[in-house]
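Enquirer: Sending over a structure as structure tokens; questions will come in a sec.
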Amino acid sequence: MPRLPCAFAVLAAVVAGFVAAPSRAQHAPVSGFLAKTIAHDGHEHRYVCHVPEGERPAAGWPLVVFLHGMGECGTDGWRQTEVGLGAAIRRAPQRWPAVVLFPQKPAKQKQWAEYEALVLAIVAATEKELPIDATRRTLTGLSQGGAGTWAIGARTRALWQAFAPVCGYGEPDGIAAGLAGAPVWAFHGEDDRVVAAAHSKKLVAAVAAAGAAQKAAIAPLLTLYPGVGHNSWDKAYRDEALAEWLLARADARMSVPYLAVPSRLTAAAVTVREAMASDGGPPFSATTTATWRFDGKAVAWEWQRAHREPAGRDGPSPAPRAGAIAGKPVAAFVAARLAALRDAGVFALPDQVVARQPDGAVMAWREHDVEVELAGDAGVWRFTRRVGRLPPSDPQLQRADQALADAVAAIGELPAK
């Protein structure tokens with residue numbers, strides 16, 4: 001048996017420390033890159049399971065399976081974590097709050113498709129050991145692993161919710177039919193002389209055509225890196241957008257490339273209505289509506305407020321305002337508005353969140369209706385929520401409420417034209 005690398009020796013010492021520690025430590029969650037073995041098809045295979053730090057989510061962690069390239073083949077069980085996704089996780093672990101599996105392919109001359117059963121066995125073993133959200137399994141890989149993502153993904157489509165092949169290859173026949181309508185985001189360097197970018201272009205085009213024939217709601221995405229050779233994986237896996245996209249829930253995944261890269265947008269419409277009222281003391285109510293629409297070249301915006309004071313004290317409401325922004329400021333405006341809503345957690349809220357409460361001595365409340373529609377090369381994504389003024393004990397919801405109020409104010413402060 002080959003000698004274990006020092007990383008395994010260190011891990012063994014850590015595990016031994018947990019066994020010898022008091023009972024409270026025995027139940028402490030173990031996180032990081034953990035060495036694992038599995039008996040499959042008469043052989044023992046080493047792999048690595050990365051478990052994120054922090055509490056286990058009630059619904060379970062998202063699961064990402066990473067398939068490495070030719071250079072990481074072997075039986076040491078560790079090399080496959082040093083290139084690609086493993087390196088990206090070590091660089092920015094906060095971007096990857098998921099369980100990530102790193103199987104290792106023993107033979108360089110064989111393709112990942114020949115190890116499909118091993119990959120699925122590792123997934124099954126992990127889901128018996130750890131709480132995994134079965135609605136958030138994703139498959140990705142680079143080079144040979146990119147080819148494996150295309151091939152295994154097409155044959156086991158129902159198991160996964162998204163696919164990210166990096167500098168991969170394969171034959172469109174079978175792959176196109178298997179992945180038609182599936183969330184696929186492929187990456188490739190335009191100057192790749194090992195696996196030509198034409199492979200990803202051909203596969204993405206075939207999957208898109210198959211999806212269009214089936215009238216699928218979305219089309220595959222393809223990101224090409226000008227001036228980049230075979231190593232397109234560093235740029236891909238260090239891209240915050242890819243991490244967010246792979247780990248997103250299904251109803252939010254389509255929005256991620258648009259929110260992170262507004263240049264992908266071909267059209268957008270956002271409307272936020274803010275309603276404020278007081279049920280005690282001097283009653284009043286005010287409803288403000290802010291809207292902006294992007295047609296790919298310019299942003300048109302509107303702002304209107306209706307204000308009602310107690311009986312006999314009504315004054316004129318501010319005049320409706322409208323305008324347009326064209327040229328270079330458009331991308332910055334789109335990015336700022338969408339990023340602010342995303343970063344405040346608006347898109348991660350439940351379908352409806354309304355919780356009115358007293359505001360000091362006055363029974364005042366505020367709530368928002370938000371509607372977003374984004375269109376681009378992956379189809380159309382729609383989002384609607386109602387968010388009420390929320391208890392201060394929930395900071396995430398408070399941030400969302402404030403971000404929506406800021407969006408209304410930002411539109412209202414734009415110069416009318």
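Labels used: A, B, ... for chains in the order of the structure tokens, numbers from 1 for residues in each chain, and numbers from 1 for ligands as shown.
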Need to verify the contact set: Ala154 in chain A, 10 Å, only C-alpha atoms, exclusion of same-chain residues closer than 3 positions in sequence. Can you return it as an NGL selection string?

Expert: :A and (148-151 or 157-158 or 160 or 163 or 174-180 or 182)

Enquirer: Dump N, CA and C atoms for the selected residues as an mmCIF file, in the first residue's frame?

Expert:
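What ended up in part.cif:
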```
data_model
loop_
_atom_site.group_PDB
_atom_site.id
_atom_site.type_symbol
_atom_site.label_atom_id
_atom_site.label_comp_id
_atom_site.auth_asym_id
_atom_site.auth_seq_id
_atom_site.Cartn_x
_atom_site.Cartn_y
_atom_site.Cartn_z
ATOM 1 N N GLY A 148 -16.360 14.676 -18.433
ATOM 2 C CA GLY A 148 -17.166 13.833 -17.554
ATOM 3 C C GLY A 148 -18.448 14.508 -17.114
ATOM 4 N N THR A 149 -18.375 15.823 -16.904
ATOM 5 C CA THR A 149 -19.581 16.563 -16.520
ATOM 6 C C THR A 149 -20.619 16.495 -17.629
ATOM 7 N N TRP A 150 -20.175 16.709 -18.876
ATOM 8 C CA TRP A 150 -21.100 16.600 -20.005
ATOM 9 C C TRP A 150 -21.682 15.184 -20.106
ATOM 10 N N ALA A 151 -20.817 14.167 -20.067
ATOM 11 C CA ALA A 151 -21.254 12.792 -20.323
ATOM 12 C C ALA A 151 -22.078 12.216 -19.186
ATOM 13 N N ARG A 157 -29.195 12.867 -15.662
ATOM 14 C CA ARG A 157 -29.758 14.216 -15.579
ATOM 15 C C ARG A 157 -30.635 14.426 -14.358
ATOM 16 N N ALA A 158 -31.464 13.442 -14.010
ATOM 17 C CA ALA A 158 -32.450 13.624 -12.938
ATOM 18 C C ALA A 158 -31.803 13.800 -11.567
ATOM 19 N N TRP A 160 -29.165 15.701 -10.826
ATOM 20 C CA TRP A 160 -28.501 16.983 -10.637
ATOM 21 C C TRP A 160 -29.408 18.159 -10.982
ATOM 22 N N PHE A 163 -25.114 22.116 -14.019
ATOM 23 C CA PHE A 163 -23.880 21.547 -14.550
ATOM 24 C C PHE A 163 -22.952 22.674 -14.987
ATOM 25 N N GLY A 174 -26.500 12.433 -27.976
ATOM 26 C CA GLY A 174 -26.746 11.894 -26.643
ATOM 27 C C GLY A 174 -26.626 12.955 -25.579
ATOM 28 N N ILE A 175 -25.516 13.725 -25.593
ATOM 29 C CA ILE A 175 -25.347 14.793 -24.603
ATOM 30 C C ILE A 175 -26.415 15.856 -24.793
ATOM 31 N N ALA A 176 -26.658 16.253 -26.043
ATOM 32 C CA ALA A 176 -27.630 17.314 -26.306
ATOM 33 C C ALA A 176 -29.020 16.917 -25.825
ATOM 34 N N ALA A 177 -29.426 15.694 -26.144
ATOM 35 C CA ALA A 177 -30.761 15.246 -25.726
ATOM 36 C C ALA A 177 -30.849 15.114 -24.213
ATOM 37 N N GLY A 178 -29.760 14.633 -23.584
ATOM 38 C CA GLY A 178 -29.787 14.425 -22.139
ATOM 39 C C GLY A 178 -29.820 15.701 -21.336
ATOM 40 N N LEU A 179 -29.205 16.773 -21.850
ATOM 41 C CA LEU A 179 -29.108 18.022 -21.093
ATOM 42 C C LEU A 179 -29.989 19.135 -21.656
ATOM 43 N N ALA A 180 -30.831 18.840 -22.620
ATOM 44 C CA ALA A 180 -31.726 19.858 -23.174
ATOM 45 C C ALA A 180 -32.594 20.468 -22.080
ATOM 46 N N ALA A 182 -31.623 21.834 -19.372
ATOM 47 C CA ALA A 182 -31.000 21.803 -18.047
ATOM 48 C C ALA A 182 -30.177 23.071 -17.826
#
```

Enquirer: Could you pull out the strand (DSSP E) residues of range 198-330 of chain A, going by DSSP on the backbone, and write them as an mmCIF file with N, CA and C atoms, in the first residue's frame?

Expert:
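What ended up in out-v2.cif:
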```cif
data_model
loop_
_atom_site.group_PDB
_atom_site.id
_atom_site.type_symbol
_atom_site.label_atom_id
_atom_site.label_comp_id
_atom_site.auth_asym_id
_atom_site.auth_seq_id
_atom_site.Cartn_x
_atom_site.Cartn_y
_atom_site.Cartn_z
ATOM 1 N N LEU A 221 -25.545 28.497 -20.955
ATOM 2 C CA LEU A 221 -24.673 29.663 -20.977
ATOM 3 C C LEU A 221 -23.265 29.229 -21.358
ATOM 4 N N LEU A 222 -22.523 30.082 -22.042
ATOM 5 C CA LEU A 222 -21.133 29.816 -22.389
ATOM 6 C C LEU A 222 -20.320 31.074 -22.147
ATOM 7 N N THR A 223 -19.280 30.954 -21.313
ATOM 8 C CA THR A 223 -18.358 32.049 -21.068
ATOM 9 C C THR A 223 -17.012 31.699 -21.694
ATOM 10 N N LEU A 224 -16.537 32.540 -22.610
ATOM 11 C CA LEU A 224 -15.244 32.361 -23.268
ATOM 12 C C LEU A 224 -14.278 33.427 -22.754
ATOM 13 N N TYR A 225 -13.059 33.013 -22.425
ATOM 14 C CA TYR A 225 -12.054 33.940 -21.902
ATOM 15 C C TYR A 225 -11.040 34.275 -22.996
ATOM 16 N N LEU A 265 -27.610 40.944 -19.719
ATOM 17 C CA LEU A 265 -29.018 41.308 -19.814
ATOM 18 C C LEU A 265 -29.378 41.809 -21.200
ATOM 19 N N THR A 266 -30.499 41.342 -21.710
ATOM 20 C CA THR A 266 -31.066 41.930 -22.923
ATOM 21 C C THR A 266 -32.271 42.797 -22.595
ATOM 22 N N ALA A 267 -32.875 42.572 -21.443
ATOM 23 C CA ALA A 267 -34.009 43.391 -20.993
ATOM 24 C C ALA A 267 -34.202 43.165 -19.498
ATOM 25 N N ALA A 268 -34.758 44.156 -18.840
ATOM 26 C CA ALA A 268 -35.029 44.042 -17.408
ATOM 27 C C ALA A 268 -36.139 45.013 -17.030
ATOM 28 N N ALA A 269 -36.898 44.649 -16.014
ATOM 29 C CA ALA A 269 -37.928 45.532 -15.466
ATOM 30 C C ALA A 269 -38.001 45.296 -13.965
ATOM 31 N N VAL A 270 -37.926 46.374 -13.198
ATOM 32 C CA VAL A 270 -37.994 46.283 -11.739
ATOM 33 C C VAL A 270 -39.003 47.313 -11.247
ATOM 34 N N THR A 271 -39.928 46.859 -10.426
ATOM 35 C CA THR A 271 -40.903 47.759 -9.805
ATOM 36 C C THR A 271 -40.916 47.507 -8.309
ATOM 37 N N VAL A 272 -40.807 48.570 -7.530
ATOM 38 C CA VAL A 272 -40.902 48.472 -6.071
ATOM 39 C C VAL A 272 -41.972 49.454 -5.613
ATOM 40 N N ARG A 273 -42.965 48.943 -4.889
ATOM 41 C CA ARG A 273 -44.010 49.792 -4.316
ATOM 42 C C ARG A 273 -43.829 49.818 -2.810
ATOM 43 N N GLU A 274 -43.752 50.993 -2.269
ATOM 44 C CA GLU A 274 -43.582 51.165 -0.838
ATOM 45 C C GLU A 274 -44.853 51.779 -0.263
ATOM 46 N N ALA A 275 -45.505 51.071 0.661
ATOM 47 C CA ALA A 275 -46.719 51.576 1.301
ATOM 48 C C ALA A 275 -46.424 51.843 2.770
ATOM 49 N N MET A 276 -46.757 53.049 3.225
ATOM 50 C CA MET A 276 -46.561 53.431 4.618
ATOM 51 C C MET A 276 -47.888 53.966 5.157
ATOM 52 N N ALA A 277 -48.182 53.630 6.420
ATOM 53 C CA ALA A 277 -49.442 54.092 7.006
ATOM 54 C C ALA A 277 -49.333 54.093 8.516
ATOM 55 N N SER A 278 -50.226 54.826 9.145
ATOM 56 C CA SER A 278 -50.330 54.874 10.599
ATOM 57 C C SER A 278 -51.763 54.595 10.986
ATOM 58 N N PHE A 284 -52.258 58.588 8.565
ATOM 59 C CA PHE A 284 -51.790 59.018 7.252
ATOM 60 C C PHE A 284 -51.471 57.763 6.444
ATOM 61 N N SER A 285 -51.326 57.941 5.158
ATOM 62 C CA SER A 285 -50.880 56.840 4.309
ATOM 63 C C SER A 285 -50.132 57.427 3.119
ATOM 64 N N ALA A 286 -49.187 56.670 2.619
ATOM 65 C CA ALA A 286 -48.419 57.101 1.448
ATOM 66 C C ALA A 286 -48.000 55.864 0.673
ATOM 67 N N THR A 287 -48.186 55.907 -0.615
ATOM 68 C CA THR A 287 -47.755 54.820 -1.490
ATOM 69 C C THR A 287 -46.846 55.394 -2.569
ATOM 70 N N THR A 288 -45.633 54.873 -2.616
ATOM 71 C CA THR A 288 -44.661 55.337 -3.592
ATOM 72 C C THR A 288 -44.307 54.190 -4.523
ATOM 73 N N THR A 289 -44.342 54.436 -5.820
ATOM 74 C CA THR A 289 -44.006 53.421 -6.810
ATOM 75 C C THR A 289 -42.803 53.871 -7.615
ATOM 76 N N ALA A 290 -41.774 53.028 -7.648
ATOM 77 C CA ALA A 290 -40.564 53.319 -8.427
ATOM 78 C C ALA A 290 -40.369 52.195 -9.427
ATOM 79 N N THR A 291 -40.162 52.549 -10.672
ATOM 80 C CA THR A 291 -40.013 51.558 -11.738
ATOM 81 C C THR A 291 -38.845 51.936 -12.641
ATOM 82 N N TRP A 292 -38.071 50.945 -13.061
ATOM 83 C CA TRP A 292 -37.109 51.180 -14.133
ATOM 84 C C TRP A 292 -37.123 50.007 -15.083
ATOM 85 N N ARG A 293 -36.957 50.334 -16.364
ATOM 86 C CA ARG A 293 -36.985 49.325 -17.422
ATOM 87 C C ARG A 293 -35.750 49.489 -18.305
ATOM 88 N N PHE A 294 -35.113 48.364 -18.618
ATOM 89 C CA PHE A 294 -33.907 48.352 -19.429
ATOM 90 C C PHE A 294 -34.195 47.584 -20.709
ATOM 91 N N ALA A 298 -30.817 51.417 -22.989
ATOM 92 C CA ALA A 298 -31.110 52.550 -22.115
ATOM 93 C C ALA A 298 -32.051 52.108 -21.000
ATOM 94 N N VAL A 299 -32.075 52.916 -19.946
ATOM 95 C CA VAL A 299 -32.972 52.684 -18.814
ATOM 96 C C VAL A 299 -33.992 53.809 -18.766
ATOM 97 N N ALA A 300 -35.265 53.440 -18.763
ATOM 98 C CA ALA A 300 -36.340 54.411 -18.555
ATOM 99 C C ALA A 300 -36.863 54.227 -17.132
ATOM 100 N N TRP A 301 -37.090 55.323 -16.426
ATOM 101 C CA TRP A 301 -37.529 55.208 -15.039
ATOM 102 C C TRP A 301 -38.720 56.112 -14.760
ATOM 103 N N GLU A 302 -39.512 55.711 -13.759
ATOM 104 C CA GLU A 302 -40.686 56.479 -13.328
ATOM 105 C C GLU A 302 -40.758 56.449 -11.809
ATOM 106 N N TRP A 303 -41.243 57.534 -11.241
ATOM 107 C CA TRP A 303 -41.399 57.619 -9.780
ATOM 108 C C TRP A 303 -42.673 58.401 -9.503
ATOM 109 N N GLN A 304 -43.520 57.858 -8.610
ATOM 110 C CA GLN A 304 -44.780 58.531 -8.299
ATOM 111 C C GLN A 304 -45.143 58.246 -6.853
ATOM 112 N N ARG A 305 -45.683 59.290 -6.162
ATOM 113 C CA ARG A 305 -46.061 59.135 -4.759
ATOM 114 C C ARG A 305 -47.451 59.695 -4.525
ATOM 115 N N ALA A 306 -48.279 58.917 -3.856
ATOM 116 C CA ALA A 306 -49.610 59.362 -3.437
ATOM 117 C C ALA A 306 -49.608 59.448 -1.919
ATOM 118 N N HIS A 307 -49.928 60.644 -1.372
ATOM 119 C CA HIS A 307 -49.812 60.895 0.058
ATOM 120 C C HIS A 307 -51.160 61.385 0.600
ATOM 121 N N ARG A 308 -51.638 60.761 1.677
ATOM 122 C CA ARG A 308 -52.918 61.165 2.274
ATOM 123 C C ARG A 308 -52.716 61.487 3.750
ATOM 124 N N ARG A 321 -42.567 61.821 -11.671
ATOM 125 C CA ARG A 321 -41.343 62.162 -12.384
ATOM 126 C C ARG A 321 -40.931 60.980 -13.251
ATOM 127 N N ALA A 322 -40.285 61.245 -14.347
ATOM 128 C CA ALA A 322 -39.830 60.187 -15.257
ATOM 129 C C ALA A 322 -38.594 60.681 -15.981
ATOM 130 N N GLY A 323 -37.831 59.743 -16.511
ATOM 131 C CA GLY A 323 -36.628 60.110 -17.239
ATOM 132 C C GLY A 323 -36.009 58.891 -17.899
ATOM 133 N N ALA A 324 -34.835 59.065 -18.450
ATOM 134 C CA ALA A 324 -34.135 57.980 -19.132
ATOM 135 C C ALA A 324 -32.640 58.164 -18.968
ATOM 136 N N ILE A 325 -31.922 57.033 -18.981
ATOM 137 C CA ILE A 325 -30.464 57.029 -18.897
ATOM 138 C C ILE A 325 -29.962 56.192 -20.062
ATOM 139 N N ALA A 326 -29.051 56.732 -20.835
ATOM 140 C CA ALA A 326 -28.497 55.992 -21.968
ATOM 141 C C ALA A 326 -26.982 56.060 -21.922
#
```

Enquirer: Just want the 8 Å neighbourhood of range 394-405 of chain A, counted on only C-alpha atoms, with same-chain residues fewer than 5 positions away dropped. Output as number ranges by chain.

Expert: A: 272, 274, 340-341, 344-346, 349, 367-368, 370, 387-389

Enquirer: Give me the residues of range 206-265 of chain A that have any atom at most 12 Å from an atom of range 111-135 of chain A; for each, the nearest atom pair and the distance in Å, rounded to one decimal. Use only C-alpha atoms, sort by chain and number, and format it as JSON lines.

Expert:
```
{"residue": "A:Leu246", "atom": "CA", "partner": "A:Thr135", "partner_atom": "CA", "distance": 11.8}
{"residue": "A:Leu247", "atom": "CA", "partner": "A:Thr135", "partner_atom": "CA", "distance": 10.3}
{"residue": "A:Ala248", "atom": "CA", "partner": "A:Thr135", "partner_atom": "CA", "distance": 10.1}
{"residue": "A:Arg249", "atom": "CA", "partner": "A:Thr135", "partner_atom": "CA", "distance": 7.8}
{"residue": "A:Ala250", "atom": "CA", "partner": "A:Thr135", "partner_atom": "CA", "distance": 8.0}
{"residue": "A:Asp251", "atom": "CA", "partner": "A:Thr135", "partner_atom": "CA", "distance": 11.1}
```

Enquirer: From the options A:Leu85, A:Val184, A:Val65, A:Ala319, which residue's atoms come nearest to Tyr237 in chain A, counting only C-alpha atoms?

Expert: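 For Tyr237 in chain A, the nearest of the given residues is A:Leu85.
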
Enquirer: Do you have the CA of Arg56 in chain A-CA of Pro165 in chain A distance handy?

Expert: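 Pair CA of Arg56 in chain A / CA of Pro165 in chain A returns 27.9 Å.
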
Enquirer: I need the residue nearest Pro226 in chain A from this list: A:Gly376, A:Gly189, A:Gly71, A:Pro257. Use only C-alpha atoms for the distance.

Expert: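 Closest candidate: A:Gly189.
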
Enquirer: Please identify all polymer residues within 7 Å of Trp381 in chain A, counting only C-alpha atoms, omitting same-chain residues fewer than 5 positions from it, and present them as a list of chain:residue names.

Expert: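 Answer for this query is A:Met254, A:Ser255, A:Glu373, A:Leu374, A:Ala375.
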
Enquirer: Would you write out those residues with C-alpha atoms, as a short mmCIF file (atom, residue, chain, number, x, y, z; two decimals), in the first residue's frame?

Expert:
```
data_model
loop_
_atom_site.label_atom_id
_atom_site.label_comp_id
_atom_site.auth_asym_id
_atom_site.auth_seq_id
_atom_site.Cartn_x
_atom_site.Cartn_y
_atom_site.Cartn_z
CA MET A 254 -31.25 31.98 -13.67
CA SER A 255 -30.89 35.42 -12.12
CA GLU A 373 -38.16 40.40 -14.59
CA LEU A 374 -34.79 39.73 -16.24
CA ALA A 375 -34.24 38.46 -19.78
#
```

Enquirer: Quick check, in Å to one decimal: how far apart do CA of His68 in chain A and CA of Ile38 in chain A lie?

Expert: 18.0 Å

Enquirer: If I take CA of Pro103 in chain A and CA of His45 in chain A, how far is one from the other in Å, to one decimal?

Expert: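 Computing it gives 8.4 Å between the two atoms.
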
Enquirer: May I have all residues of range 63-186 of chain A that DSSP, computed from the backbone, assigns to helix (DSSP H, G or I), given as a PyMOL selection string?

Expert: chain A and resi 70-72+79-81+85-91+93-95+112-129+144-155+157-159+172-179

Enquirer: The selected residues should be written to file as a short mmCIF file (atom, residue, chain, number, x, y, z; two decimals), in the first residue's frame (atoms: C-alpha atoms).

Expert:
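Final file, part_13.cif:
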```
data_model
loop_
_atom_site.label_atom_id
_atom_site.label_comp_id
_atom_site.auth_asym_id
_atom_site.auth_seq_id
_atom_site.Cartn_x
_atom_site.Cartn_y
_atom_site.Cartn_z
CA MET A 70 -5.81 14.20 -16.41
CA GLY A 71 -2.95 15.66 -14.35
CA GLU A 72 -4.64 14.78 -11.04
CA ARG A 79 -3.98 15.48 -5.58
CA GLN A 80 -7.42 16.19 -7.10
CA THR A 81 -8.07 18.87 -4.45
CA LEU A 85 -12.28 23.89 -7.35
CA GLY A 86 -10.25 22.77 -4.33
CA ALA A 87 -7.81 25.62 -4.84
CA ALA A 88 -10.71 28.08 -5.20
CA ILE A 89 -12.28 26.87 -1.95
CA ARG A 90 -9.00 27.32 -0.07
CA ARG A 91 -8.69 30.81 -1.55
CA PRO A 93 -14.02 29.33 1.54
CA GLN A 94 -16.86 31.74 2.37
CA ARG A 95 -18.04 31.53 -1.25
CA TRP A 112 -14.76 9.81 -16.36
CA ALA A 113 -17.77 8.22 -18.05
CA GLU A 114 -16.17 4.85 -17.27
CA TYR A 115 -16.21 5.73 -13.56
CA GLU A 116 -19.81 6.89 -13.41
CA ALA A 117 -20.80 4.13 -10.98
CA LEU A 118 -17.96 5.11 -8.63
CA VAL A 119 -19.05 8.76 -8.64
CA LEU A 120 -22.65 7.83 -7.88
CA ALA A 121 -21.55 5.44 -5.11
CA ILE A 122 -19.57 8.25 -3.43
CA VAL A 123 -22.61 10.54 -3.65
CA ALA A 124 -24.84 7.85 -2.09
CA ALA A 125 -22.35 7.20 0.72
CA THR A 126 -22.07 10.92 1.48
CA GLU A 127 -25.83 11.38 1.65
CA LYS A 128 -26.04 8.59 4.21
CA GLU A 129 -23.42 10.29 6.35
CA GLN A 144 -11.29 15.36 -18.62
CA GLY A 145 -13.58 16.31 -15.75
CA GLY A 146 -15.38 18.78 -18.01
CA ALA A 147 -15.96 15.94 -20.47
CA GLY A 148 -17.17 13.83 -17.55
CA THR A 149 -19.58 16.56 -16.52
CA TRP A 150 -21.10 16.60 -20.00
CA ALA A 151 -21.25 12.79 -20.32
CA ILE A 152 -22.27 11.74 -16.81
CA GLY A 153 -24.61 14.70 -16.52
CA ALA A 154 -26.46 13.74 -19.70
CA ARG A 155 -26.88 10.13 -18.54
CA ARG A 157 -29.76 14.22 -15.58
CA ALA A 158 -32.45 13.62 -12.94
CA LEU A 159 -29.88 13.47 -10.12
CA PRO A 172 -23.12 16.18 -29.09
CA ASP A 173 -25.16 13.06 -29.88
CA GLY A 174 -26.75 11.89 -26.64
CA ILE A 175 -25.35 14.79 -24.60
CA ALA A 176 -27.63 17.31 -26.31
CA ALA A 177 -30.76 15.25 -25.73
CA GLY A 178 -29.79 14.43 -22.14
CA LEU A 179 -29.11 18.02 -21.09
#
```

Enquirer: Could you name the residues that touch Ala339 in chain A at 10 Å or less, counting only C-alpha atoms, but leaving out those on the same chain fewer than 6 positions away, as a ChimeraX atom specification?

Expert: /A:258-262,333,345
